[in-house]
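Undergrad: Here you go, run24.txt (compact mmCIF, C-alpha atoms):
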```txt
# COMPACT_ATOMS: atom_id res chain seq x y z
CA MET A 1 36.12 -53.95 101.96
CA LEU A 2 39.69 -54.57 100.86
CA LYS A 3 41.95 -55.15 103.85
CA PRO A 4 45.35 -53.58 103.16
CA SER A 5 48.44 -55.61 103.92
CA GLU A 6 51.04 -53.50 105.69
CA GLU A 7 53.90 -55.80 104.71
CA LEU A 8 52.81 -55.83 101.06
CA ILE A 9 52.57 -52.05 100.92
CA LYS A 10 55.97 -51.59 102.54
CA ARG A 11 57.56 -54.01 100.06
CA ALA A 12 55.98 -52.17 97.14
CA LEU A 13 57.15 -48.78 98.40
CA LEU A 14 60.66 -50.13 98.96
CA GLU A 15 60.70 -51.65 95.48
CA ASP A 16 59.78 -48.27 93.98
CA GLY A 17 62.38 -46.38 96.03
CA ALA A 18 59.72 -44.11 97.51
CA ASP A 19 62.00 -43.08 100.37
CA ALA A 20 64.74 -42.00 97.94
CA ASP A 21 62.76 -40.17 95.25
CA ILE A 22 65.52 -38.07 93.73
CA THR A 23 63.22 -36.25 91.29
CA THR A 24 60.81 -35.09 93.97
CA ARG A 25 63.55 -34.20 96.45
CA SER A 26 65.32 -32.08 93.88
CA THR A 27 62.25 -30.19 92.65
CA VAL A 28 59.88 -29.85 95.62
CA ALA A 29 60.65 -27.94 98.83
CA GLU A 30 60.79 -30.07 101.95
CA GLY A 31 58.03 -28.27 103.87
CA GLN A 32 55.67 -27.73 100.96
CA GLN A 33 52.06 -28.84 101.51
CA ALA A 34 49.66 -29.87 98.76
CA GLU A 35 46.12 -30.98 98.03
CA ALA A 36 45.37 -33.60 95.40
CA SER A 37 42.59 -35.81 94.09
CA ILE A 38 42.43 -39.30 92.64
CA VAL A 39 40.33 -39.25 89.47
CA SER A 40 38.83 -42.05 87.40
CA ARG A 41 39.58 -41.81 83.69
CA GLN A 42 37.10 -44.44 82.54
CA GLU A 43 33.88 -46.21 83.40
CA GLY A 44 34.00 -49.31 85.54
CA VAL A 45 34.00 -50.77 89.04
CA ILE A 46 36.42 -49.54 91.66
CA ALA A 47 38.48 -51.85 93.88
CA GLY A 48 41.60 -51.04 95.85
CA LEU A 49 40.73 -47.59 97.16
CA GLU A 50 41.39 -48.69 100.73
CA ILE A 51 44.83 -50.07 99.96
CA ALA A 52 45.67 -47.02 97.84
CA ALA A 53 44.78 -44.76 100.76
CA GLU A 54 46.81 -46.91 103.13
CA THR A 55 49.78 -46.71 100.78
CA PHE A 56 49.89 -42.92 101.11
CA ARG A 57 49.50 -43.12 104.90
CA THR A 58 52.15 -45.82 105.20
CA LEU A 59 54.73 -43.64 103.48
CA ASP A 60 53.76 -40.60 105.54
CA GLU A 61 51.23 -40.67 108.37
CA ARG A 62 50.75 -36.92 107.94
CA ILE A 63 48.82 -37.51 104.71
CA SER A 64 45.05 -37.37 105.17
CA VAL A 65 42.77 -39.20 102.74
CA GLU A 66 39.04 -38.69 102.27
CA LEU A 67 37.43 -41.43 100.19
CA LEU A 68 34.53 -40.17 98.08
CA GLN A 69 33.73 -43.61 96.65
CA ARG A 70 33.72 -47.10 98.13
CA ASP A 71 35.28 -50.27 96.82
CA GLY A 72 32.70 -51.97 94.62
CA ALA A 73 31.20 -48.69 93.38
CA ARG A 74 30.48 -48.14 89.70
CA VAL A 75 32.10 -44.96 88.42
CA LYS A 76 32.51 -43.11 85.15
CA GLY A 77 35.31 -41.11 83.63
CA GLY A 78 35.96 -37.87 85.48
CA ASP A 79 34.62 -39.02 88.84
CA VAL A 80 36.72 -37.97 91.82
CA LEU A 81 37.44 -41.01 93.97
CA ALA A 82 39.39 -39.46 96.85
CA LEU A 83 40.81 -36.22 98.19
CA LEU A 84 44.29 -36.07 99.72
CA GLN A 85 46.18 -33.48 101.72
CA GLY A 86 49.69 -33.49 103.16
CA PRO A 87 53.38 -33.04 102.40
CA ALA A 88 53.80 -32.60 98.66
CA ARG A 89 56.93 -34.74 98.57
CA SER A 90 55.19 -37.69 100.17
CA LEU A 91 52.14 -37.45 97.93
CA LEU A 92 54.36 -37.56 94.86
CA SER A 93 56.58 -40.38 96.11
CA ALA A 94 53.67 -42.66 97.00
CA GLU A 95 51.66 -41.84 93.88
CA ARG A 96 52.77 -44.63 91.56
CA VAL A 97 52.53 -47.49 94.05
CA ALA A 98 49.09 -46.36 95.24
CA LEU A 99 47.76 -46.00 91.70
CA ASN A 100 49.29 -49.34 90.68
CA PHE A 101 47.25 -51.07 93.37
CA LEU A 102 44.11 -49.13 92.48
CA GLY A 103 44.42 -49.51 88.71
CA HIS A 104 45.21 -53.22 88.83
CA LEU A 105 42.45 -54.16 91.26
CA SER A 106 39.85 -51.92 89.62
CA GLY A 107 40.71 -53.55 86.31
CA ILE A 108 39.91 -56.96 87.78
CA ALA A 109 36.66 -55.72 89.33
CA SER A 110 35.59 -54.08 86.06
CA VAL A 111 36.28 -57.15 83.93
CA THR A 112 34.46 -59.31 86.46
CA ALA A 113 31.41 -57.04 86.40
CA ARG A 114 31.28 -57.22 82.61
CA CYS A 115 31.46 -61.01 82.72
CA VAL A 116 28.77 -61.22 85.39
CA SER A 117 26.46 -59.11 83.23
CA ALA A 118 26.65 -61.77 80.50
CA THR A 119 25.15 -64.41 82.81
CA ILE A 120 22.08 -62.48 83.95
CA GLY A 121 18.97 -64.66 83.73
CA THR A 122 20.93 -67.90 84.17
CA PRO A 123 21.97 -69.77 87.32
CA ALA A 124 25.65 -69.52 86.42
CA ARG A 125 28.06 -67.79 88.79
CA ILE A 126 31.31 -66.25 87.57
CA ILE A 127 34.20 -67.49 89.73
CA ASP A 128 37.93 -66.91 89.77
CA THR A 129 40.85 -69.37 89.83
CA ARG A 130 44.29 -69.64 91.41
CA LYS A 131 45.87 -67.93 88.36
CA THR A 132 46.78 -64.88 90.40
CA THR A 133 49.81 -62.65 90.81
CA PRO A 134 52.11 -64.18 93.48
CA GLY A 135 51.64 -62.29 96.73
CA LEU A 136 48.49 -60.48 95.58
CA ARG A 137 45.97 -63.32 95.68
CA HIS A 138 43.91 -62.04 98.63
CA LEU A 139 43.59 -58.60 97.03
CA GLU A 140 42.83 -59.93 93.56
CA LYS A 141 40.19 -62.34 94.81
CA GLU A 142 38.59 -59.57 96.85
CA ALA A 143 38.52 -57.44 93.69
CA VAL A 144 36.63 -60.25 91.94
CA ARG A 145 34.00 -60.09 94.68
CA MET A 146 33.83 -56.30 94.29
CA GLY A 147 32.91 -56.90 90.64
CA GLY A 148 30.10 -59.27 91.58
CA GLY A 149 31.97 -62.53 91.08
CA TYR A 150 32.68 -65.35 93.50
CA ASN A 151 35.84 -67.03 94.71
CA HIS A 152 36.96 -70.57 93.93
CA ARG A 153 39.60 -72.11 96.19
CA PHE A 154 41.94 -69.62 97.83
CA GLY A 155 44.61 -72.31 98.11
CA LEU A 156 45.19 -76.01 97.63
CA GLN A 157 44.05 -76.70 101.18
CA ASP A 158 40.54 -75.43 100.55
CA GLY A 159 39.02 -78.21 98.47
CA VAL A 160 39.53 -81.38 96.46
CA LEU A 161 39.83 -80.66 92.73
CA ILE A 162 41.08 -83.70 90.83
CA LYS A 163 42.67 -82.62 87.53
CA ASP A 164 44.08 -84.52 84.58
CA ASN A 165 47.51 -85.16 86.09
CA HIS A 166 45.98 -86.35 89.38
CA ILE A 167 43.87 -88.78 87.34
CA LYS A 168 46.92 -90.06 85.45
CA ALA A 169 48.92 -90.44 88.65
CA ALA A 170 46.09 -92.25 90.42
CA GLY A 171 45.36 -94.61 87.53
CA GLY A 172 41.97 -93.28 86.47
CA ILE A 173 38.96 -91.21 87.47
CA GLU A 174 37.38 -93.88 89.66
CA GLN A 175 40.65 -94.57 91.47
CA ALA A 176 41.29 -90.87 92.06
CA ILE A 177 37.81 -90.19 93.43
CA SER A 178 37.89 -93.28 95.65
CA ALA A 179 41.28 -92.30 97.07
CA ALA A 180 40.09 -88.76 97.72
CA ARG A 181 37.02 -90.01 99.56
CA ARG A 182 39.21 -92.11 101.83
CA GLN A 183 41.59 -89.27 102.63
CA ALA A 184 39.71 -85.97 102.46
CA PRO A 185 37.61 -84.60 105.36
CA HIS A 186 33.99 -85.73 105.10
CA LEU A 187 32.72 -82.15 104.70
CA PHE A 188 34.76 -81.59 101.52
CA LYS A 189 33.11 -82.01 98.14
CA ILE A 190 35.02 -84.01 95.55
CA GLU A 191 35.38 -82.20 92.22
CA VAL A 192 36.87 -83.86 89.16
CA GLU A 193 37.94 -82.44 85.81
CA CYS A 194 36.44 -84.06 82.69
CA GLU A 195 37.32 -83.36 79.08
CA SER A 196 34.77 -85.59 77.34
CA LEU A 197 31.30 -87.08 77.79
CA SER A 198 32.81 -90.49 78.51
CA GLU A 199 34.82 -88.99 81.37
CA VAL A 200 31.67 -87.31 82.68
CA GLN A 201 30.01 -90.72 82.76
CA GLU A 202 32.98 -92.14 84.67
CA ALA A 203 32.81 -89.29 87.18
CA LEU A 204 29.09 -89.88 87.71
CA ALA A 205 29.65 -93.59 88.22
CA ALA A 206 32.32 -92.79 90.83
CA ARG A 207 29.90 -90.41 92.61
CA ALA A 208 31.73 -87.13 92.12
CA ASP A 209 30.09 -84.18 93.87
CA VAL A 210 31.18 -81.58 91.31
CA ILE A 211 32.22 -82.06 87.69
CA LEU A 212 34.44 -79.55 85.91
CA LEU A 213 33.75 -79.47 82.17
CA ASP A 214 37.18 -78.59 80.82
CA ASN A 215 37.85 -77.13 77.37
CA MET A 216 34.54 -78.32 75.95
CA ASP A 217 32.77 -76.60 73.09
CA VAL A 218 29.29 -75.30 73.85
CA LYS A 219 27.51 -78.19 72.10
CA THR A 220 29.41 -80.84 74.07
CA MET A 221 28.97 -78.85 77.26
CA ARG A 222 25.21 -78.73 76.72
CA SER A 223 25.13 -82.51 76.24
CA ALA A 224 27.15 -82.97 79.43
CA VAL A 225 24.73 -80.79 81.38
CA GLU A 226 21.74 -82.76 80.07
CA LEU A 227 23.43 -86.04 80.97
CA VAL A 228 24.24 -84.96 84.52
CA ARG A 229 20.83 -83.39 85.15
CA GLN A 230 19.13 -86.63 84.09
CA ARG A 231 21.31 -89.02 86.05
CA ALA A 232 22.45 -87.03 89.10
CA PRO A 233 20.75 -83.62 89.38
CA GLN A 234 22.45 -82.94 92.72
CA VAL A 235 25.89 -82.85 91.07
CA LEU A 236 27.22 -79.34 90.49
CA LEU A 237 28.76 -78.38 87.16
CA GLU A 238 31.63 -75.99 86.50
CA ALA A 239 32.70 -74.83 83.03
CA SER A 240 36.35 -73.90 82.59
CA GLY A 241 39.20 -73.78 80.14
CA ASN A 242 39.85 -71.12 77.50
CA ILE A 243 36.43 -69.53 77.87
CA GLY A 244 37.77 -65.99 78.08
CA THR A 245 35.88 -62.80 78.83
CA ASP A 246 33.96 -62.33 75.57
CA VAL A 247 30.40 -61.64 76.68
CA ASN A 248 28.79 -63.52 73.78
CA ARG A 249 30.72 -66.70 74.52
CA LEU A 250 30.04 -66.32 78.24
CA ALA A 251 26.33 -65.94 77.57
CA ALA A 252 26.36 -69.11 75.46
CA VAL A 253 28.21 -71.07 78.14
CA ALA A 254 25.88 -69.79 80.87
CA ALA A 255 22.86 -70.80 78.79
CA THR A 256 23.94 -74.45 78.87
CA GLY A 257 22.82 -74.60 82.51
CA VAL A 258 26.18 -74.92 84.28
CA ASP A 259 26.35 -73.74 87.89
CA PHE A 260 29.76 -72.04 87.68
CA ILE A 261 32.03 -70.54 85.04
CA SER A 262 35.63 -70.23 86.24
CA LEU A 263 37.83 -67.70 84.49
CA GLY A 264 41.55 -67.35 85.02
CA ALA A 265 41.40 -64.27 82.80
CA LEU A 266 39.69 -62.30 85.57
CA THR A 267 42.99 -62.05 87.41
CA HIS A 268 45.75 -62.88 84.93
CA SER A 269 44.59 -60.78 81.98
CA ALA A 270 42.54 -57.87 83.31
CA PRO A 271 43.64 -54.57 81.71
CA ASN A 272 44.71 -51.76 84.01
CA PHE A 273 41.96 -49.35 85.02
CA ASP A 274 42.94 -45.76 84.22
CA VAL A 275 43.18 -43.52 87.30
CA SER A 276 45.31 -40.47 87.97
CA LEU A 277 46.50 -38.27 90.83
CA GLU A 278 45.98 -34.57 90.20
CA PHE A 279 47.39 -31.73 92.31
CA ALA A 280 45.06 -28.84 93.00
```
As structure tokens, what does this structure read like?

TA:
Amino acid sequence: MLKPSEELIKRALLEDGADADITTRSTVAEGQQAEASIVSRQEGVIAGLEIAAETFRTLDERISVELLQRDGARVKGGDVLALLQGPARSLLSAERVALNFLGHLSGIASVTARCVSATIGTPARIIDTRKTTPGLRHLEKEAVRMGGGYNHRFGLQDGVLIKDNHIKAAGGIEQAISAARRQAPHLFKIEVECESLSEVQEALAARADVILLDNMDVKTMRSAVELVRQRAPQVLLEASGNIGTDVNRLAAVAATGVDFISLGALTHSAPNFDVSLEFA
């Protein structure tokens, strides 16, 4: 379940000027009450209903919200997601912020679900990255889980992932891995990014726990998987880098035998999910 952030909601409402909605104040009587519904306009997976509901209640605690669907539910166009009742002015003033949260997060969940479907029958898990909207990471990563995906690191403190610039700064793959083993907590796995088969061999020689196959074509990726499975079957493999959300490419990558496919596109390029607020 998505856990709404009170501070985030208040900032969003302030940004939108919800407490100074000149259009609503000039057209709707102060004491007018209204009933409304949130309706899905397309098929997909819902995420962000809880925070959308909390947005309405944060602006005006007199608004009541009845959720008819749960975060993570699959819906189709025309499905009613929630029923609302309360002061008409408040419903209108909170509408855009609430639907922005719901549309953005449902878009992420829906894209994730489509990507996950491309890996069925393989061991590959779809995982996210740190390419998230500043301030929204916890919500966006939760939306990935609602779509059936898994989370990579939440932040830099959560794991050792040695990338190309770390390798250059350390003087090489072996040096970077050795330094990480000396400094990182013993329970942390050491993951290293590799762009070629020769780098994969270096990572294996340095006893990496996880190898990230970065920007490899499917043929090279398959060769890397075969190499690792023969020499060190306990090492986990992650595919990443310009893979995108095309289901045919995802299916081909998953078929190579990698353990994880990380996709920045889940969070940085998901299209908005179409939802609307309709007055009765």

Undergrad: Of the candidates A:Gly149, A:Val65, A:Asn242, A:Gly107, which shows the shortest atom-to-atom distance to Arg125 of chain A, using only C-alpha atoms?

TA: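 Closest residue, counting only C-alpha atoms: A:Gly149.
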
Undergrad: Can you list, as a PyMOL selection string, every protein, DNA or RNA residue that comes within 10 Å of Lys163 of chain A when you count only C-alpha atoms, leaving out same-chain residues fewer than 6 positions away?

TA: chain A and resi 173+176+191-194+212+214

Undergrad: Using C-alpha atoms, can you export the residues from the last selection as a short mmCIF file (atom, residue, chain, number, x, y, z; two decimals), in the coordinates of the input?

TA:
```cif
data_model
loop_
_atom_site.label_atom_id
_atom_site.label_comp_id
_atom_site.auth_asym_id
_atom_site.auth_seq_id
_atom_site.Cartn_x
_atom_site.Cartn_y
_atom_site.Cartn_z
CA ILE A 173 38.96 -91.21 87.47
CA ALA A 176 41.29 -90.87 92.06
CA GLU A 191 35.38 -82.20 92.22
CA VAL A 192 36.87 -83.86 89.16
CA GLU A 193 37.94 -82.44 85.81
CA CYS A 194 36.44 -84.06 82.69
CA LEU A 212 34.44 -79.55 85.91
CA ASP A 214 37.18 -78.59 80.82
#
```

Undergrad: Counting all atoms listed in the file, which residue out of A:Ser26, A:Ala143, A:Gln175, A:Leu266 sits closest to Ala205 of chain A?

TA: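 Checking each candidate against Ala205 of chain A, we get A:Gln175 as the closest.
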
Undergrad: Kindly give the distance, in Å, that separates atom CA of Thr129 of chain A and atom CA of His152 of chain A, rounded to a single decimal.

TA: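 Rounded to one decimal, the two atoms are 5.8 Å apart.
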
Undergrad: Considering all atoms listed in the file, return as a ChimeraX atom specification whatever protein or nucleic-acid residues lie within 10 Å of Gly244 of chain A, sequence-local ones (same chain, fewer than 4 positions apart) excluded.

TA: /A:115,240,249-250,262-266,269

Undergrad: Pick out the residues sitting within 9 Å of Leu237 of chain A, and hand them over as a ChimeraX atom specification; count all atoms listed in the file, and ignore anything fewer than 6 positions along from it in its own chain.

TA: /A:209-213,225,228,257-261

Undergrad: I need the residue nearest Gln42 of chain A from this list: A:Ser106, A:Asn248, A:Asn100, A:Thr133. Use all atoms listed in the file for the distance.

TA: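 The shortest atom-to-atom distance to Gln42 of chain A comes from A:Ser106.
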
Undergrad: Tell me which of A:Glu7, A:Asp158, A:Glu226, A:Glu66 sits closest to Ser37 of chain A, counting only C-alpha atoms.

TA: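 Ranking A:Glu7, A:Asp158, A:Glu226, A:Glu66 by distance to Ser37 of chain A, first place goes to A:Glu66.
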
Undergrad: Please, what distance in Å, to one decimal, runs between atom CA of Val39 of chain A and atom CA of Asp71 of chain A?

TA: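 Value for the atom CA of Val39 of chain A-atom CA of Asp71 of chain A distance: 14.2 Å.
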
Undergrad: Can you find the residues with an atom no farther than 12 Å from (43.8, -59.6, 99.0), counting all atoms listed in the file, and report them as number ranges by chain?

TA: A: 1-6, 8-9, 47-48, 50-51, 101, 105, 132-146, 151, 154, 267

Undergrad: Generate the output file for the selected residues, C-alpha atoms, as a short mmCIF file (atom, residue, chain, number, x, y, z; two decimals), keeping the file's coordinate frame.

TA:
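part.cif was written with the following content:
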```
data_model
loop_
_atom_site.label_atom_id
_atom_site.label_comp_id
_atom_site.auth_asym_id
_atom_site.auth_seq_id
_atom_site.Cartn_x
_atom_site.Cartn_y
_atom_site.Cartn_z
CA MET A 1 36.12 -53.95 101.96
CA LEU A 2 39.69 -54.57 100.86
CA LYS A 3 41.95 -55.15 103.85
CA PRO A 4 45.35 -53.58 103.16
CA SER A 5 48.44 -55.61 103.92
CA GLU A 6 51.04 -53.50 105.69
CA LEU A 8 52.81 -55.83 101.06
CA ILE A 9 52.57 -52.05 100.92
CA ALA A 47 38.48 -51.85 93.88
CA GLY A 48 41.60 -51.04 95.85
CA GLU A 50 41.39 -48.69 100.73
CA ILE A 51 44.83 -50.07 99.96
CA PHE A 101 47.25 -51.07 93.37
CA LEU A 105 42.45 -54.16 91.26
CA THR A 132 46.78 -64.88 90.40
CA THR A 133 49.81 -62.65 90.81
CA PRO A 134 52.11 -64.18 93.48
CA GLY A 135 51.64 -62.29 96.73
CA LEU A 136 48.49 -60.48 95.58
CA ARG A 137 45.97 -63.32 95.68
CA HIS A 138 43.91 -62.04 98.63
CA LEU A 139 43.59 -58.60 97.03
CA GLU A 140 42.83 -59.93 93.56
CA LYS A 141 40.19 -62.34 94.81
CA GLU A 142 38.59 -59.57 96.85
CA ALA A 143 38.52 -57.44 93.69
CA VAL A 144 36.63 -60.25 91.94
CA ARG A 145 34.00 -60.09 94.68
CA MET A 146 33.83 -56.30 94.29
CA ASN A 151 35.84 -67.03 94.71
CA PHE A 154 41.94 -69.62 97.83
CA THR A 267 42.99 -62.05 87.41
#
```

Undergrad: What's around Leu84 of chain A at 9 Å? Count all atoms listed in the file, leave out sequence neighbours fewer than 3 positions away in its own chain, and write the answer as a list in words.

TA: Ala34, Glu35, Ala36, Ser37, Ile38, Ala53, Phe56, Ile63, Ser64, Val65, Glu66, Leu67 and Leu91 of chain A

Undergrad: Pick from A:Ile177, A:Leu227, A:Ala29, A:Leu102: nearest to Glu54 of chain A, with only C-alpha atoms counted?

TA: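 Going through A:Ile177, A:Leu227, A:Ala29, A:Leu102 one by one, the smallest distance to Glu54 of chain A is for A:Leu102.
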
Undergrad: Counting all atoms listed in the file, which of A:Ala18, A:Leu59, A:Ala251, A:Ala208 gets nearest to Gln234 of chain A?

TA: A:Ala208

Undergrad: If I take atom CA of Ala88 of chain A and atom CA of Gln33 of chain A, how far is one from the other in Å, to one decimal?

TA: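 Computing the Euclidean distance for atom CA of Ala88 of chain A and atom CA of Gln33 of chain A yields 5.0 Å.
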
Undergrad: Show me the residues close to (59.4, -29.8, 95.0) - anything with an atom within 12 Å, counting all atoms listed in the file - and format the list as a PyMOL selection string.

TA: chain A and resi 21-34+87-93

Undergrad: Skip Met216 of chain A itself and residues of its chain fewer than 5 positions away, then list as a count of residues only all residues within 9 Å of it, counting all atoms listed in the file.

TA: 6
